[in-house]
Structures are given as structure tokens and as C-alpha cells.
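Report on one structure; see the data block that follows.
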Amino acid sequence: MNSAHPLIRPFTGLRPRSEHAAAVAAPPYDVLSSDEARQRAAGKPWSFLHISKAEIDLPPEVDHYAPEVYAKSAENLKQMIDAGILFRDATPCYYAYRLVMGEHTQIGLIAAASVADYDAGRIRKHEFTRPDKEDDRVRQVEALNAQTGPVLLAHPDSDEAERLVAAATSGTPVADITADDGIRHTIWLIDDSAAIERIGAVVSTMPSLYIADGHHRSAAASRVAAARRGKSCPDSAEYFLAVIFPARQMRIMDYNRVVRDLSGHSVDYVLKAVGQRCTVTASAAQVKPERTGTFGMYLDGRWYHLAIRPELVPTQDPVRRLDVSVLSEQILAPILGIDDLRRDTRIDFVGGIRGLGELERRVNSGEMAIAFALYPTQMSELMAVADAGEIMPPKSTWFEPKLADGMVSHVLD
């Protein structure tokens with residue numbers, strides 16, 4: 001443990017006043033296209049989309065990575081502060097954050113997480129990052145001198161950590177909104193010095209934290225911190241904005257696959273080839289896999305239940321034993337010729353939040369030829385991959401509910 005930079009620490013959050021929280025809160029910047037963001041922010045001058053996707057306030061032909069986009073983002077942030085929509089807490093705090101989606105509830109901690117521990121691998125990753133997306137986040141942070149998009153982290157089982165954070169939810173929230181998608185976001189201030197000290201002490205004993213979503217944001221934070229070291233800058237850049245949930249409370253949905261064509265094969269050939277690797281059972285209903293090692297396949301207007309032959313699963317390898325890997329190695333690559341999930345334009349990915357009907361729609365429309373429904377990756381699987389220092393295949397996890405942007409930001413001063 002780096003005593004100079006504890007694993008987490010409280011910070012003076014920049015946040016909307018309670019009466020403006022509903023007007024400010026916005027979907028994460030990376031789940032909306034610019035056109036969707038422009039529509040969502042129409043008539044909403046205080047939507048955080050004006051900061052997280054400032055290209056919506058510029059002509060459509062402007063490149064989304066152009067300098068004027070980041071300048072507009074900074075201008076919009078200043079305007080919201082000057083208008084009193086956003087304000088800064090006077091003393092360093094933690095914040096409790098509760099998400100409610102239907103019957104699902106999870107309660108986490110908003111904190112500043114250590115870049116040093118990220119660099120050292122104590123805050124563990126499981127995805128590759130793209131340089132262009134890292135560059136975008138670096139420019140955004142530098143333009144705003146703030147981190148506005150939180151990194152979603154998970155912590156190992158800890159009854160005490162859960163109890164300490166949940167205790168804060170008995171008070172009056174500083175923000176309580178229900179977003180357009182029906183998800184309820186509630187935030188409480190944790191400013192009691194004893195509670196702050198105890199929470200920090202409990203989290204500091206954890207061997208690792210795990211990045212669930214936000215690999216580009218954490219990588220950008222590391223780059224900003226490295227660039228500012230030795231320049232008499234405040235050490236706030238040595239931390240990044242994070243929301244930390246208990247791993248056992250987090251919900252990963254299925255992340256399904258659709259393929260544009262059958263690689264020149266007939267339907268009968270595909271069924272026969274799949275049958276050499278799986279037990280194939282035709283189904284009159286949609287097939288939602290009920291356990292690992294099973295898949296739904298939609299082909300030629302019909303659903304099939306697939307169960308992979310157990311001897312084909314390399315159970316000792318934390319990456320290759322994932323259902324997303326098994327599907328790629330046993331069906332997508334050898335039968336359909338999909339060898340590179342990152343670059344092959346014949347494959348697309350459909351988050352489980354859209355339902356199995358979306359798979360049917362895309363195949364029935366003729367846009368795609370075949371679809372596969374997967375059992376969701378489990379948090380234990382994600383953590384095993386991260387612990388091994390390995391990388392998961394693209395589009396392995398789809399976390400729901402999503403965090404909201406704009407609820408609390410981390411200023412670097």
C-alpha cells in the first residue's frame with residue numbers, strides 16, 4: 001500500500017443543487033451517439049450532455065474531437081457554475097449512491113481512487129483501451145480541469161464496507177431523481193469525520209478493486225497525473241472519480257452477438273457444424289440461456305438451444321472458459337469465419353437490455369443472418385480474469401443499471 005496515496009480518499013465534489021439534480025443528470029457520454037444526445041438535450045439547457053458531449057452545441061459538421069468541442073465543454077461547465085446550478089462542497093466528503101432498476105438495488109460509494117494503485121495493478125483492469133478514446137478523455141479532463149465521468153469499480157465481499165455505506169442512506173439525500181429510463185438515482189453526503197475515517201480504513205484493507213466499466217477514463221487519469229507530476233500541481237490529479245459497488249450487488253446482463261452472413265454456407269451446413277460441437281435442440285420459444293455453457297441461436301426464423309460439449313471448454317483458463325470465448329472459438333471462428341471481434345464488420349453486438357426480440361428483428365429484417373444469445377458473464381469470472389492479469393474478449397459485459405453523468409464531479413485543484 002502507498003501511504004502517500006491511500007487507495008481511496010474523500011474529495012470536495014462538484015454537484016448540482018438538489019432542486020436542479022433532475023435537470024442536470026444525464027446518461028453516460030459513451031452510451032449515446034451525438035445525434036441521440038442532441039435530441040435528449042433539446043430544451044434542457046442544464047443537461048450534463050452539454051458538458052459531456054459538447055459537440056451537440058456546435059454545427060453537426062464539426063469533428064467531435066476538434067479543439068472547439070473541448071473549449072465548448074469548459075464554457076458550458078463554467079456557465080452552469082456561474083448560474084448556481086452546480087456548486088462545490090466546502091469540505092472533502094464521500095457520497096453514498098443508490099441505483100434502483102425495477103427489483104434490483106445496489107448501493108455504492110463515490111470516492112476518489114488512487115492513480116498509483118491503478119498504475120501498480122491493485123485497481124485491476126480487464127480490457128484493452130483504444131488510444132483515440134484515451135486521447136479524447138485526456139483532452140476533456142484537461143479542458144475542464146475536472147473528471148466528470150466516473151469509473152465503475154467493484155470491491156470484494158465486505159459486510160462492514162456495505163454496512164458503513166448503507167448507513168448513510170438513512171439520512172436525507174442531496175439528490176433523488178428518476179431518469180427517463182425509469183432508473184432511480186439517489187445520493188447522500190457522507191461528511192461525518194468518523195464515518196469518513198472508518199470507510200477509508202475498511203476499503204484500504206481490500207487487496208484489490210476491479211474496473212467494471214471506465215477503462216478509458218482510468219487510463220486517461222493515469223496519463224493526466226503523469227503529465228502533471230513535478231509541476232507544483234495539487235495532488236488531486238493523483239486520484240480519479242470512481243463509484244465503488246460491492247461485486248455481489250452488481251448486475252451484468254447478457255451481451256449477445258449477431259452475424260451478417262453465414263460465410264457462404266447453407267443453413268443445413270451451419271446446423272450440422274454446430275451440432276458437432278453442441279447438443280442442438282429446436283425450440284418453439286425464444287431461448288434465454290439459463291446457465292454457463294448454454295446458448296440460444298436464432299437462424300432461419302427458428303430458435304435453437306445449444307449446450308456446448310463439456311470437453312471443449314478449457315476450464316483452467318479464466319479467459320478461454322468464458323462463454324463469450326467458447327462461442328468464438330467453437331462457432332464464430334471455425335464455422336462463420338469471424339476471427340477478429342474487434343475489426344470484423346460482419347459481427348455486431350446487442351446488449352441484453354434490448355431483449356431477445358432485438359435479435360429476432362435484426363435477423364428477420366435480413367440485416368443479419370444469425371444471432372446468438374449468451375448467458376451473462378459473472379462478476380466472479382471478470383475478477384478471475386483481472387486477477388490473472390488477462391484481458392477479456394470485446395463486448396463481454398453489459399452492466400445495468402448505468403451510472404448517471406453529472407451527479408458528482410472531481411475537480412483537479
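Identifiers in this document derive from the order of the C-alpha cells: chains are assigned A, B, ..., residues are numbered from 1 separately in each chain, and ligands are numbered from 1 in order of occurrence.
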
Could you pull out all residues of region 95-339 of chain A with a DSSP call of alpha helix (DSSP H) and give them as a PyMOL selection string?
chain A and resi 115-120+131-144+159-167+193-204+215-228+267-275+323-327

DSSP says strand (DSSP E or B) for which residues of region 221-383 of chain A? Put them as an mmCIF file with C-alpha atoms, in the first residue's frame?
data_model
loop_
_atom_site.group_PDB
_atom_site.id
_atom_site.type_symbol
_atom_site.label_atom_id
_atom_site.label_comp_id
_atom_site.auth_asym_id
_atom_site.auth_seq_id
_atom_site.Cartn_x
_atom_site.Cartn_y
_atom_site.Cartn_z
ATOM 1 C CA TYR A 239 -6.865 10.384 -7.984
ATOM 2 C CA PHE A 240 -9.782 9.667 -10.272
ATOM 3 C CA LEU A 241 -13.526 9.830 -9.838
ATOM 4 C CA ALA A 242 -14.963 6.414 -9.014
ATOM 5 C CA VAL A 243 -18.152 4.760 -7.833
ATOM 6 C CA ILE A 244 -17.397 1.557 -5.948
ATOM 7 C CA PHE A 245 -20.075 -1.105 -5.528
ATOM 8 C CA PRO A 246 -19.913 -4.495 -3.797
ATOM 9 C CA ILE A 252 -24.166 -7.927 -15.598
ATOM 10 C CA MET A 253 -26.577 -8.547 -18.424
ATOM 11 C CA TYR A 255 -24.068 -9.240 -24.375
ATOM 12 C CA ASN A 256 -25.305 -11.007 -27.472
ATOM 13 C CA ARG A 257 -23.928 -11.452 -30.997
ATOM 14 C CA VAL A 258 -25.424 -11.085 -34.481
ATOM 15 C CA VAL A 259 -23.602 -12.024 -37.695
ATOM 16 C CA CYS A 278 -23.027 -28.663 -29.193
ATOM 17 C CA THR A 279 -26.178 -30.519 -28.346
ATOM 18 C CA VAL A 280 -28.729 -28.727 -30.535
ATOM 19 C CA THR A 281 -32.421 -28.673 -29.601
ATOM 20 C CA ALA A 282 -35.039 -26.806 -31.641
ATOM 21 C CA SER A 283 -37.282 -24.539 -29.575
ATOM 22 C CA THR A 294 -25.543 -22.853 -22.986
ATOM 23 C CA PHE A 295 -26.518 -20.533 -25.851
ATOM 24 C CA GLY A 296 -29.573 -19.500 -27.803
ATOM 25 C CA MET A 297 -29.237 -19.483 -31.600
ATOM 26 C CA TYR A 298 -31.725 -17.809 -33.937
ATOM 27 C CA LEU A 299 -31.377 -18.963 -37.538
ATOM 28 C CA ARG A 302 -36.226 -20.529 -35.670
ATOM 29 C CA TRP A 303 -34.695 -20.691 -32.196
ATOM 30 C CA TYR A 304 -32.333 -23.440 -31.047
ATOM 31 C CA HIS A 305 -30.972 -24.274 -27.613
ATOM 32 C CA LEU A 306 -27.242 -25.076 -27.704
ATOM 33 C CA ALA A 307 -25.263 -26.840 -24.977
ATOM 34 C CA ILE A 308 -21.533 -26.930 -25.577
ATOM 35 C CA ILE A 347 -20.389 -9.092 -36.494
ATOM 36 C CA ASP A 348 -22.289 -6.754 -34.198
ATOM 37 C CA PHE A 349 -23.154 -6.825 -30.509
ATOM 38 C CA VAL A 350 -26.518 -6.348 -28.823
ATOM 39 C CA GLY A 351 -26.838 -5.546 -25.135
ATOM 40 C CA ILE A 370 -27.810 -15.479 -37.452
ATOM 41 C CA ALA A 371 -27.942 -14.436 -33.805
ATOM 42 C CA PHE A 372 -26.594 -15.884 -30.572
ATOM 43 C CA ALA A 373 -27.935 -15.231 -27.071
ATOM 44 C CA LEU A 374 -25.450 -15.744 -24.231
#

Smallest atom-to-atom distance to Arg228 (chain A): which of A:Asn145, A:Thr205, A:Thr178, A:Thr292, using only C-alpha atoms?
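Nearest candidate to Arg228 (chain A) out of A:Asn145, A:Thr205, A:Thr178, A:Thr292: A:Asn145.
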
Just want the 9 Å neighbourhood of Val141 (chain A), counted on only C-alpha atoms, with same-chain residues fewer than 4 positions away dropped. Output as a PyMOL selection string.
chain A and resi 136-137+145-148+220-221+224+412

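Ranking A:Ala161, A:Leu332, A:Val115, A:Leu144 by their shortest atom-to-atom distance to Ala226 (chain A), with only C-alpha atoms included, puts A:Val115 first.
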